[in-house]
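target.tsv, holding TSV, C-alpha atoms and all ligand atoms:
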```
chain	number	residue	atom	x	y	z
A	1	MET	CA	-6.74	-13.41	1.31
A	2	GLY	CA	-3.59	-15.10	2.66
A	3	LEU	CA	0.01	-14.42	1.71
A	4	VAL	CA	1.19	-14.35	-1.90
A	5	THR	CA	4.71	-14.42	-3.35
A	6	GLY	CA	6.77	-11.36	-4.15
A	7	LYS	CA	7.09	-12.54	-7.74
A	8	GLU	CA	3.33	-12.50	-8.22
A	9	VAL	CA	2.92	-8.95	-6.92
A	10	LEU	CA	6.02	-7.52	-8.60
A	11	GLU	CA	5.50	-9.07	-12.02
A	12	ALA	CA	2.04	-7.46	-12.08
A	13	ALA	CA	3.68	-4.15	-11.10
A	14	ASN	CA	6.29	-4.58	-13.83
A	15	ARG	CA	3.59	-5.19	-16.43
A	16	GLY	CA	1.49	-2.28	-15.15
A	17	GLY	CA	4.34	0.24	-14.77
A	18	TYR	CA	3.84	0.99	-11.07
A	19	ALA	CA	5.63	0.21	-7.81
A	20	VAL	CA	4.57	-1.57	-4.64
A	21	GLY	CA	5.72	-0.32	-1.23
A	22	ALA	CA	7.88	-2.61	0.87
A	23	PHE	CA	7.33	-1.27	4.36
A	24	ASN	CA	9.54	-2.38	7.27
A	25	ILE	CA	7.70	-3.45	10.40
A	26	ASN	CA	8.98	-4.23	13.89
A	27	ASN	CA	5.82	-4.42	15.97
A	28	LEU	CA	2.04	-4.68	15.89
A	29	GLU	CA	1.28	-0.96	15.58
A	30	ILE	CA	3.57	-0.43	12.60
A	31	LEU	CA	2.13	-3.49	10.87
A	32	GLN	CA	-1.45	-2.38	11.51
A	33	GLY	CA	-0.75	1.16	10.29
A	34	VAL	CA	0.84	-0.13	7.07
A	35	VAL	CA	-1.89	-2.68	6.40
A	36	ALA	CA	-4.74	-0.23	7.11
A	37	GLY	CA	-3.14	2.32	4.78
A	38	CYS	CA	-2.90	-0.21	1.95
A	39	VAL	CA	-6.34	-1.76	2.50
A	40	GLU	CA	-7.96	1.68	2.39
A	41	LYS	CA	-6.25	2.36	-0.95
A	42	SER	CA	-6.84	-1.17	-2.25
A	43	SER	CA	-3.11	-1.58	-2.83
A	44	PRO	CA	-0.96	-4.71	-2.71
A	45	VAL	CA	1.71	-4.53	0.00
A	46	ILE	CA	5.06	-6.07	0.85
A	47	ILE	CA	5.71	-6.42	4.56
A	48	ALA	CA	9.49	-6.20	4.96
A	49	VAL	CA	11.13	-7.74	8.00
A	50	SER	CA	14.85	-7.32	8.67
A	51	GLU	CA	17.01	-9.73	10.63
A	52	GLY	CA	17.06	-7.05	13.32
A	53	ALA	CA	13.25	-7.03	13.39
A	54	ILE	CA	13.18	-10.83	13.70
A	55	ASN	CA	15.66	-10.67	16.58
A	56	TYR	CA	13.64	-7.90	18.22
A	57	ALA	CA	10.09	-9.27	17.92
A	58	GLY	CA	10.74	-13.00	17.54
A	59	PHE	CA	10.34	-15.08	14.39
A	60	ASP	CA	7.09	-16.80	15.42
A	61	TYR	CA	5.44	-13.57	16.53
A	62	ILE	CA	6.30	-11.90	13.21
A	63	VAL	CA	5.00	-14.78	11.09
A	64	ALA	CA	1.82	-15.14	13.15
A	65	MET	CA	1.10	-11.39	13.08
A	66	VAL	CA	1.64	-11.01	9.36
A	67	ARG	CA	-0.28	-14.19	8.51
A	68	THR	CA	-3.20	-12.91	10.55
A	69	ALA	CA	-3.01	-9.54	8.82
A	70	ALA	CA	-3.05	-11.27	5.43
A	71	GLU	CA	-6.02	-13.47	6.33
A	72	LEU	CA	-8.01	-10.47	7.54
A	73	SER	CA	-7.20	-8.25	4.55
A	74	PRO	CA	-8.64	-8.32	1.02
A	75	ILE	CA	-5.32	-7.31	-0.60
A	76	PRO	CA	-2.31	-9.29	-1.86
A	77	MET	CA	0.29	-9.27	0.92
A	78	VAL	CA	3.88	-10.55	0.81
A	79	LEU	CA	5.99	-11.46	3.85
A	80	HIS	CA	9.53	-10.60	2.79
A	81	LEU	CA	12.92	-10.95	4.51
A	82	ASP	CA	14.81	-7.67	4.06
A	83	HIS	CA	18.63	-7.75	3.73
A	84	GLY	CA	19.05	-11.43	4.58
A	85	ARG	CA	22.67	-12.23	5.38
A	86	ASP	CA	22.46	-14.95	8.01
A	87	LYS	CA	22.17	-18.40	6.41
A	88	GLU	CA	20.13	-19.81	9.27
A	89	ILE	CA	17.65	-16.94	9.29
A	90	ILE	CA	17.27	-17.13	5.49
A	91	SER	CA	16.63	-20.86	5.65
A	92	ARG	CA	14.15	-20.46	8.50
A	93	CYS	CA	12.25	-17.81	6.50
A	94	ILE	CA	12.14	-20.01	3.40
A	95	HIS	CA	10.78	-22.97	5.34
A	96	GLY	CA	8.82	-21.12	7.99
A	97	GLY	CA	6.16	-18.95	6.37
A	98	PHE	CA	7.84	-16.11	4.45
A	99	THR	CA	6.84	-15.82	0.79
A	100	SER	CA	9.87	-13.85	-0.37
A	101	VAL	CA	13.47	-13.40	0.78
A	102	MET	CA	16.27	-11.02	-0.02
A	103	ILE	CA	19.80	-12.35	-0.03
A	104	ASP	CA	22.13	-9.40	0.48
A	105	ALA	CA	25.60	-10.52	-0.51
A	106	SER	CA	26.35	-7.13	-2.07
A	107	HIS	CA	29.37	-6.66	0.21
A	108	LEU	CA	31.10	-9.64	-1.47
A	109	PRO	CA	33.04	-9.60	-4.74
A	110	LEU	CA	30.85	-10.29	-7.81
A	111	GLU	CA	31.75	-14.00	-8.18
A	112	ASP	CA	31.00	-14.69	-4.51
A	113	ASN	CA	27.80	-12.63	-4.62
A	114	ILE	CA	26.66	-14.74	-7.59
A	115	ARG	CA	27.56	-18.03	-5.91
A	116	VAL	CA	25.89	-17.21	-2.57
A	117	THR	CA	22.80	-15.72	-4.25
A	118	ARG	CA	22.39	-18.70	-6.59
A	119	ARG	CA	22.38	-21.08	-3.64
A	120	VAL	CA	19.59	-19.15	-1.95
A	121	VAL	CA	17.62	-19.03	-5.21
A	122	GLU	CA	17.84	-22.83	-5.52
A	123	MET	CA	16.69	-23.32	-1.94
A	124	ALA	CA	13.85	-20.76	-2.17
A	125	HIS	CA	12.56	-21.76	-5.60
A	126	ALA	CA	12.29	-25.37	-4.44
A	127	GLU	CA	9.69	-24.06	-1.95
A	128	GLY	CA	8.01	-21.70	-4.42
A	129	ILE	CA	9.43	-18.60	-2.71
A	130	SER	CA	10.77	-15.61	-4.62
A	131	VAL	CA	14.20	-14.07	-4.19
A	132	GLU	CA	15.63	-10.56	-4.36
A	133	GLY	CA	19.36	-10.08	-4.93
A	134	GLU	CA	21.47	-6.93	-4.53
A	135	LEU	CA	24.34	-5.72	-6.64
A	136	GLY	CA	26.35	-2.57	-5.91
A	137	ARG	CA	26.70	-0.64	-2.69
A	138	LEU	CA	24.17	1.83	-1.31
A	139	GLN	CA	25.83	5.19	-0.85
A	140	GLY	CA	24.83	8.76	-1.62
A	141	ILE	CA	26.29	9.88	-4.94
A	142	GLU	CA	27.99	13.02	-3.74
A	143	GLU	CA	29.99	11.06	-1.17
A	144	MET	CA	31.81	9.61	-4.16
A	145	VAL	CA	34.38	12.12	-5.12
A	146	SER	CA	35.97	10.38	-8.10
A	147	VAL	CA	34.49	8.72	-11.19
A	148	GLU	CA	36.32	5.51	-10.21
A	149	GLU	CA	34.70	5.48	-6.80
A	150	ARG	CA	31.30	6.08	-8.31
A	151	GLU	CA	31.76	3.24	-10.79
A	152	ALA	CA	32.97	0.90	-8.03
A	153	THR	CA	29.92	1.64	-5.90
A	154	LEU	CA	26.99	1.99	-8.27
A	155	THR	CA	25.71	-1.04	-10.19
A	156	ASP	CA	27.35	-1.77	-13.51
A	157	PRO	CA	24.58	-2.59	-16.05
A	158	GLN	CA	26.63	-5.33	-17.74
A	159	GLU	CA	27.34	-6.98	-14.40
A	160	ALA	CA	23.65	-6.69	-13.53
A	161	GLU	CA	22.77	-8.62	-16.67
A	162	ARG	CA	25.25	-11.36	-15.83
A	163	PHE	CA	24.13	-11.45	-12.17
A	164	VAL	CA	20.48	-11.94	-13.12
A	165	GLU	CA	21.24	-14.60	-15.73
A	166	GLU	CA	23.56	-16.61	-13.51
A	167	THR	CA	21.64	-16.38	-10.23
A	168	GLY	CA	18.03	-16.63	-11.44
A	169	VAL	CA	16.83	-13.95	-8.97
A	170	ASP	CA	13.23	-12.84	-9.39
A	171	PHE	CA	13.98	-9.17	-8.70
A	172	LEU	CA	17.10	-7.09	-8.40
A	173	ALA	CA	18.13	-4.19	-6.17
A	174	PRO	CA	20.68	-2.03	-7.99
A	175	ALA	CA	22.62	0.83	-6.40
A	176	ILE	CA	21.78	4.10	-8.18
A	177	GLY	CA	22.71	6.65	-5.54
A	178	THR	CA	20.30	6.18	-2.64
A	179	SER	CA	21.35	5.24	0.88
A	180	HIS	CA	19.55	4.04	4.00
A	181	GLY	CA	18.43	6.35	6.78
A	182	ALA	CA	17.38	10.00	7.17
A	183	PHE	CA	20.55	11.69	5.87
A	184	LYS	CA	20.77	10.67	2.25
A	185	PHE	CA	22.22	13.71	0.53
A	186	LYS	CA	24.42	16.54	1.74
A	187	GLY	CA	23.91	18.71	-1.32
A	188	LYS	CA	21.34	18.35	-4.07
A	189	ALA	CA	19.56	14.98	-4.14
A	190	LYS	CA	20.33	13.07	-7.30
A	191	LEU	CA	19.73	9.51	-8.49
A	192	ASP	CA	21.57	8.02	-11.47
A	193	LEU	CA	18.47	7.51	-13.59
A	194	LYS	CA	20.44	6.96	-16.80
A	195	ARG	CA	22.09	3.95	-15.18
A	196	LEU	CA	18.70	2.71	-14.01
A	197	ARG	CA	17.30	2.88	-17.54
A	198	GLU	CA	20.23	0.84	-18.90
A	199	ILE	CA	19.98	-1.78	-16.13
A	200	LYS	CA	16.26	-2.23	-16.80
A	201	ARG	CA	16.86	-2.51	-20.54
A	202	ARG	CA	19.31	-5.33	-19.94
A	203	VAL	CA	17.54	-7.34	-17.21
A	204	GLY	CA	13.82	-6.71	-17.74
A	205	ILE	CA	12.83	-8.14	-14.33
A	206	PRO	CA	11.27	-6.05	-11.52
A	207	LEU	CA	13.77	-3.68	-9.91
A	208	VAL	CA	13.92	-2.59	-6.28
A	209	LEU	CA	14.88	0.78	-4.82
A	210	HIS	CA	16.38	0.60	-1.34
A	211	GLY	CA	16.90	3.72	0.72
A	212	ALA	CA	13.81	5.28	-0.87
A	213	SER	CA	12.34	7.25	2.03
A	214	THR	CA	11.45	10.82	1.11
A	215	VAL	CA	11.73	12.26	4.66
A	216	PRO	CA	8.51	14.32	4.31
A	217	GLN	CA	8.88	17.90	5.53
A	218	ARG	CA	5.74	17.84	7.69
A	219	ILE	CA	6.87	14.70	9.51
A	220	LEU	CA	10.33	16.16	10.03
A	221	GLU	CA	8.74	19.33	11.44
A	222	LEU	CA	6.61	17.26	13.81
A	223	VAL	CA	9.66	15.44	15.15
A	224	THR	CA	11.67	18.62	15.61
A	225	ARG	CA	8.76	20.66	17.04
A	226	TYR	CA	8.60	18.21	19.94
A	227	GLY	CA	12.30	18.09	20.72
A	228	GLY	CA	13.81	15.75	18.10
A	229	GLU	CA	17.15	16.74	16.61
A	230	LEU	CA	17.56	15.76	12.98
A	231	LYS	CA	19.56	18.56	11.40
A	232	GLU	CA	20.30	18.15	7.69
A	233	ALA	CA	17.90	15.24	7.26
A	234	LYS	CA	17.12	14.79	3.57
A	235	GLY	CA	15.32	12.08	1.60
A	236	VAL	CA	14.75	11.18	-2.04
A	237	PRO	CA	12.61	13.87	-3.72
A	238	PRO	CA	9.18	12.42	-4.65
A	239	GLU	CA	9.56	13.57	-8.31
A	240	GLN	CA	12.74	11.50	-8.64
A	241	LEU	CA	10.95	8.47	-7.21
A	242	LYS	CA	8.22	8.95	-9.79
A	243	GLU	CA	10.79	9.08	-12.55
A	244	ALA	CA	12.50	5.97	-11.18
A	245	ILE	CA	9.15	4.14	-11.27
A	246	SER	CA	8.62	5.19	-14.88
A	247	LEU	CA	12.06	3.69	-15.66
A	248	GLY	CA	11.35	0.30	-14.11
A	249	ILE	CA	11.47	0.42	-10.30
A	250	ASN	CA	8.64	-1.83	-9.04
A	251	LYS	CA	9.42	-2.22	-5.32
A	252	ILE	CA	10.11	0.77	-3.10
A	253	ASN	CA	11.66	0.12	0.30
A	254	THR	CA	10.50	2.45	3.03
A	255	ASP	CA	11.51	2.26	6.67
A	256	THR	CA	12.88	5.64	7.73
A	257	ASP	CA	9.65	7.55	6.97
A	258	LEU	CA	7.67	5.14	9.17
A	259	ARG	CA	10.24	5.47	11.95
A	260	LEU	CA	10.03	9.26	11.73
A	261	ALA	CA	6.22	9.19	11.78
A	262	LEU	CA	6.18	6.94	14.84
A	263	THR	CA	8.75	9.10	16.62
A	264	GLY	CA	6.95	12.36	15.82
A	265	ALA	CA	3.57	11.06	16.96
A	266	VAL	CA	4.93	9.59	20.20
A	267	ARG	CA	6.91	12.76	20.99
A	268	LYS	CA	3.76	14.85	20.48
A	269	VAL	CA	1.64	12.77	22.87
A	270	LEU	CA	4.31	12.70	25.55
A	271	ALA	CA	4.99	16.44	25.25
A	272	GLU	CA	1.33	17.47	25.29
A	273	ASP	CA	0.20	15.19	28.09
A	274	ARG	CA	2.79	14.82	30.79
A	275	GLY	CA	0.51	12.54	32.78
A	276	VAL	CA	-0.06	9.94	30.04
A	277	PHE	CA	1.15	6.41	30.63
A	278	ASP	CA	-1.39	4.28	28.77
A	279	PRO	CA	0.52	2.58	25.91
A	280	ARG	CA	-2.57	2.70	23.71
A	281	LYS	CA	-2.69	6.49	24.01
A	282	ILE	CA	1.02	6.70	23.23
A	283	LEU	CA	1.17	4.25	20.31
A	284	GLY	CA	-2.34	4.67	18.85
A	285	PRO	CA	-1.60	8.08	17.28
A	286	ALA	CA	1.65	6.66	15.85
A	287	ARG	CA	-0.33	3.89	14.16
A	288	ASP	CA	-2.72	6.50	12.71
A	289	LEU	CA	0.10	8.67	11.37
A	290	ILE	CA	1.83	5.66	9.79
A	291	ARG	CA	-1.45	4.89	8.04
A	292	GLU	CA	-1.55	8.45	6.64
A	293	VAL	CA	2.04	8.28	5.47
A	294	VAL	CA	1.29	4.98	3.73
A	295	HIS	CA	-1.69	6.58	1.95
A	296	GLU	CA	0.67	9.20	0.53
A	297	LYS	CA	3.18	6.54	-0.51
A	298	VAL	CA	0.56	4.47	-2.33
A	299	ASP	CA	-0.55	7.60	-4.25
A	300	LEU	CA	3.06	8.32	-5.19
A	301	PHE	CA	3.88	4.74	-6.19
A	302	GLY	CA	0.71	4.29	-8.27
A	303	SER	CA	-0.30	1.03	-6.58
A	304	GLY	CA	-3.75	2.22	-5.42
A	305	GLY	CA	-6.60	0.13	-6.81
A	306	LYS	CA	-4.19	-2.61	-7.99
A	307	ALA	CA	-5.14	-5.09	-5.26
A	308	LEU	CA	-7.51	-6.88	-7.60
A	309	GLY	CA	-5.03	-7.05	-10.43
A	310	GLY	CA	-6.25	-3.77	-12.01
A	401	LIG	O1	17.61	-1.39	5.34
A	401	LIG	C1	17.44	-1.59	6.52
A	401	LIG	C2	16.10	-1.40	7.11
A	401	LIG	O2	15.83	-0.03	7.30
A	401	LIG	C3	15.98	-2.21	8.36
A	401	LIG	O3	16.78	-1.68	9.37
A	401	LIG	O4	18.18	-3.58	10.17
A	401	LIG	O5	17.66	-1.61	11.65
A	401	LIG	O6	15.88	-3.28	11.09
A	401	LIG	P1	17.15	-2.59	10.65
A	402	LIG	P1	14.98	3.99	4.02
A	402	LIG	O1	16.00	4.07	5.12
A	402	LIG	O2	15.20	5.05	3.00
A	402	LIG	O3	13.59	3.96	4.51
A	402	LIG	O4	15.24	2.59	3.25
A	402	LIG	C1	14.76	1.39	3.79
A	402	LIG	C2	15.30	0.20	3.10
A	402	LIG	O5	15.95	0.25	2.07
A	402	LIG	C3	14.99	-1.11	3.72
A	402	LIG	O6	15.57	-2.17	3.03
A	403	ZN	ZN	17.50	-1.65	2.23
```

What is this file in structure tokens?
Ligand code: G3H
Ligand code: 13P
Ligand code: ZN
Amino acid sequence: MGLVTGKEVLEAANRGGYAVGAFNINNLEILQGVVAGCVEKSSPVIIAVSEGAINYAGFDYIVAMVRTAAELSPIPMVLHLDHGRDKEIISRCIHGGFTSVMIDASHLPLEDNIRVTRRVVEMAHAEGISVEGELGRLQGIEEMVSVEEREATLTDPQEAERFVEETGVDFLAPAIGTSHGAFKFKGKAKLDLKRLREIKRRVGIPLVLHGASTVPQRILELVTRYGGELKEAKGVPPEQLKEAISLGINKINTDTDLRLALTGAVRKVLAEDRGVFDPRKILGPARDLIREVVHEKVDLFGSGGKALGG
């Protein structure tokens, strides 16, 4: 089918009230697992590539692999730069085959974030490429002891409205209490869904949830059964993700759950067969498990069957 823009896929999701998975890939097996999972569910997919992934695999390899995947697959597929911060990498993505970029200037003060983001929007829109901006800082809610700290970290709905108006971003990632990685909450998991509702009411455009891995129990058990140590790992509860989707989240970023699946599957093979050294026997089961995890995600996000605009 070829690559499509993020705007195309996410505006359909916004209209239809569902979310599309943005899955981080770093190599062929992860990409193939993600794509197979989405093709089998007839779901659109966003292939997310971080600057670290580009540095690891190489820009040309990434673009060639994902383009090939898109050409071979009957589903809308987006090639998206995740957390772009480096001007040269962002520019290379815009001019070199990506169909969506994120500019992450969320560490800067609001005025600077607006200025930097607007520049990227101008550059990307001139090439027909969509842009995601981020406002607020990703941090688990209970790490914020005071109300002031919470307000300084989570996205202010009024600022979100101004940010979207002045930058022209196509979709926005607000901070509502999630964080990256496998250790998201020390106590009870809780997203600020009231804040999310107000942000959506003010901006209307597709919203993105970063740090959205659920850390599935069975995957965690697999990793730990074969020697992994991940005490206190905790993700976003699936019911809260569902609620967030009903309140306007249309793109759900997932990396940690794929990393855990790959690690669990590889650990199992190596533990059960001490003589194995064929990379296909080591990485093949990881690709299969990633595919299964993606099936579960698509069911949760409600994007199954939406590949043909349904
Ligand atoms: O949000 C970050 C993603 O999980 C990518 O992580 O920068 O280690 O590739 P990375
Ligand atoms: P997780 O670490 O929860 O998978 O989040 C990934 C992410 O936000 C990538 O941008
Ligand atoms: Zn992220």

- Query: Counting all atoms listed in the file, which of A:Ile25, A:Met102, A:Val45, A:Leu241 gets nearest to ligand ZN 403 (chain A)?
  - Reply: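 Of all the options, A:Met102 lies closest to ligand ZN 403 (chain A).
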
Cut-off 7 Å: closest chain A/ligand ZN 403 (chain A) atom pairs per residue, using all atoms listed in the file, as CSV:
```
residue,atom,partner,partner_atom,distance
A:Asp82,CA,A:ZN403,ZN,6.8
A:His83,CA,A:ZN403,ZN,6.4
A:His180,CA,A:ZN403,ZN,6.3
A:His210,CA,A:ZN403,ZN,4.4
A:Gly211,CA,A:ZN403,ZN,5.6
A:Asn253,CA,A:ZN403,ZN,6.4
```

- Task: Select the residues contacting ligand LIG 401 (chain A) at a distance of at most 12 Å, based on only C-alpha atoms and all ligand atoms, then format the selection as a ChimeraX atom specification.
- Result: /A:22-27,47-57,80-85,102,104,134,138,173,178-182,209-213,252-260

- Between A:Glu40, A:Glu127, A:Glu132, A:Glu149, which has the minimum distance to ligand LIG 402 (chain A) (counting only C-alpha atoms and all ligand atoms)?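 Of the candidates, the smallest distance to ligand LIG 402 (chain A) is held by A:Glu132.
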
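In this comparison, which uses all atoms listed in the file, the residue of A:Glu29, A:Gly96, A:Leu207, A:Lys194 approaching Ala64 (chain A) most closely is A:Gly96.
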
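The closest residue to ligand LIG 402 (chain A), picked from A:Tyr61, A:Tyr226, A:Phe277, A:Phe185 and counting all atoms listed in the file, is A:Phe185.
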
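Reported to one decimal place, the separation of CA of Asp156 (chain A) from atom O4 of ligand LIG 402 (chain A) is 21.1 Å.
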
- Item | CA of Lys242 (chain A) to CA of Lys190 (chain A), straight-line distance in Å | 13.0 Å

Any chance you could tabulate, as a Markdown table, the residues of region 93-196 of chain A at most 8 Å from region 4-15 of chain A with each one's nearest atom pair and distance in Å to one decimal, using all atoms listed in the file, in chain and rising number order?
```
| residue | atom | partner | partner_atom | distance |
| --- | --- | --- | --- | --- |
| A:Thr99 | CA | A:Thr5 | CA | 4.9 |
| A:Ser100 | CA | A:Gly6 | CA | 5.5 |
| A:Ile129 | CA | A:Thr5 | CA | 6.3 |
| A:Ser130 | CA | A:Lys7 | CA | 5.7 |
| A:Val131 | CA | A:Gly6 | CA | 7.9 |
| A:Asp170 | CA | A:Lys7 | CA | 6.4 |
| A:Phe171 | CA | A:Lys7 | CA | 7.7 |
```

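The protein and nucleic acid residues lying at most 9 Å from Val35 (chain A) are Ile30, Leu31, Val39, Glu40, Val45, Ile47, Ala69, Ala70, Ser73, Met77, Arg291 and Val294 of chain A, with all atoms listed in the file considered and sequence neighbours fewer than 4 positions away removed.
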
- Message: Just to confirm, what's the straight-line distance from CA of Leu79 (chain A) to CA of Gly33 (chain A) in Å (one decimal)?
- Response: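 Between these atoms lies a distance of 15.7 Å.
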
Compile a residue-level contact table for region 106-160 of chain A against region 87-93 of chain A at a cut-off of 9 Å, reporting for every qualifying residue the shortest atom pair and its distance in Å to one decimal, with all atoms listed in the file counted, rows ordered by chain and ascending number, as a Markdown table.
```
| residue | atom | partner | partner_atom | distance |
| --- | --- | --- | --- | --- |
| A:Val120 | CA | A:Ile90 | CA | 8.1 |
| A:Met123 | CA | A:Ser91 | CA | 8.0 |
| A:Ala124 | CA | A:Ser91 | CA | 8.3 |
```

- Query: Which neighbours of Gln240 (chain A) fall inside 9 Å, counting all atoms listed in the file, when residues of the same chain fewer than 6 positions from it are skipped, and could you give them as a PyMOL selection string?
  - Reply: chain A and resi 189-191+193

- Note on the structure: Counting only C-alpha atoms and all ligand atoms, the residue among A:Leu247, A:Val169, A:Val215, A:Ala261 that lies closest to ligand LIG 402 (chain A) is A:Val215

Can you fill out region 174-181 of chain A with all heavy atoms and hand it back as a PDB file, keeping the file's coordinate frame?
```
ATOM      1  N   PRO A 174      19.433  -2.663  -7.570  1.00  0.00           N
ATOM      2  CA  PRO A 174      20.680  -2.030  -7.990  1.00  0.00           C
ATOM      3  C   PRO A 174      20.986  -0.817  -7.113  1.00  0.00           C
ATOM      4  O   PRO A 174      20.093  -0.271  -6.474  1.00  0.00           O
ATOM      5  CB  PRO A 174      20.361  -1.583  -9.425  1.00  0.00           C
ATOM      6  CG  PRO A 174      18.894  -1.294  -9.414  1.00  0.00           C
ATOM      7  CD  PRO A 174      18.280  -2.149  -8.337  1.00  0.00           C
ATOM      8  N   ALA A 175      22.248  -0.408  -7.103  1.00  0.00           N
ATOM      9  CA  ALA A 175      22.620   0.830  -6.400  1.00  0.00           C
ATOM     10  C   ALA A 175      22.660   1.941  -7.427  1.00  0.00           C
ATOM     11  O   ALA A 175      23.423   1.888  -8.398  1.00  0.00           O
ATOM     12  CB  ALA A 175      23.987   0.648  -5.754  1.00  0.00           C
ATOM     13  N   ILE A 176      21.813   2.965  -7.222  1.00  0.00           N
ATOM     14  CA  ILE A 176      21.780   4.100  -8.180  1.00  0.00           C
ATOM     15  C   ILE A 176      21.900   5.439  -7.450  1.00  0.00           C
ATOM     16  O   ILE A 176      21.500   6.471  -7.973  1.00  0.00           O
ATOM     17  CB  ILE A 176      20.518   4.063  -9.075  1.00  0.00           C
ATOM     18  CG1 ILE A 176      19.235   4.068  -8.219  1.00  0.00           C
ATOM     19  CG2 ILE A 176      20.539   2.869 -10.023  1.00  0.00           C
ATOM     20  CD1 ILE A 176      17.980   4.437  -9.009  1.00  0.00           C
ATOM     21  N   GLY A 177      22.432   5.382  -6.222  1.00  0.00           N
ATOM     22  CA  GLY A 177      22.710   6.650  -5.540  1.00  0.00           C
ATOM     23  C   GLY A 177      21.900   6.922  -4.292  1.00  0.00           C
ATOM     24  O   GLY A 177      22.061   7.981  -3.682  1.00  0.00           O
ATOM     25  N   THR A 178      21.031   5.979  -3.902  1.00  0.00           N
ATOM     26  CA  THR A 178      20.300   6.180  -2.640  1.00  0.00           C
ATOM     27  C   THR A 178      21.100   5.540  -1.506  1.00  0.00           C
ATOM     28  O   THR A 178      22.019   4.757  -1.733  1.00  0.00           O
ATOM     29  CB  THR A 178      18.910   5.534  -2.672  1.00  0.00           C
ATOM     30  OG1 THR A 178      19.047   4.134  -2.955  1.00  0.00           O
ATOM     31  CG2 THR A 178      18.025   6.178  -3.716  1.00  0.00           C
ATOM     32  N   SER A 179      20.732   5.880  -0.284  1.00  0.00           N
ATOM     33  CA  SER A 179      21.350   5.240   0.880  1.00  0.00           C
ATOM     34  C   SER A 179      20.277   5.117   1.970  1.00  0.00           C
ATOM     35  O   SER A 179      19.268   5.822   1.946  1.00  0.00           O
ATOM     36  CB  SER A 179      22.529   6.058   1.379  1.00  0.00           C
ATOM     37  OG  SER A 179      22.091   7.352   1.721  1.00  0.00           O
ATOM     38  N   HIS A 180      20.522   4.229   2.919  1.00  0.00           N
ATOM     39  CA  HIS A 180      19.550   4.040   4.000  1.00  0.00           C
ATOM     40  C   HIS A 180      19.560   5.225   4.974  1.00  0.00           C
ATOM     41  O   HIS A 180      20.557   5.934   5.070  1.00  0.00           O
ATOM     42  CB  HIS A 180      19.896   2.764   4.786  1.00  0.00           C
ATOM     43  CG  HIS A 180      19.653   1.505   4.010  1.00  0.00           C
ATOM     44  ND1 HIS A 180      20.628   0.605   3.715  1.00  0.00           N
ATOM     45  CD2 HIS A 180      18.520   1.001   3.458  1.00  0.00           C
ATOM     46  CE1 HIS A 180      20.117  -0.402   3.023  1.00  0.00           C
ATOM     47  NE2 HIS A 180      18.837  -0.185   2.845  1.00  0.00           N
ATOM     48  N   GLY A 181      18.458   5.395   5.684  1.00  0.00           N
ATOM     49  CA  GLY A 181      18.430   6.350   6.780  1.00  0.00           C
ATOM     50  C   GLY A 181      17.874   7.719   6.401  1.00  0.00           C
ATOM     51  O   GLY A 181      17.336   7.916   5.302  1.00  0.00           O
TER      52      GLY A 181
END
```
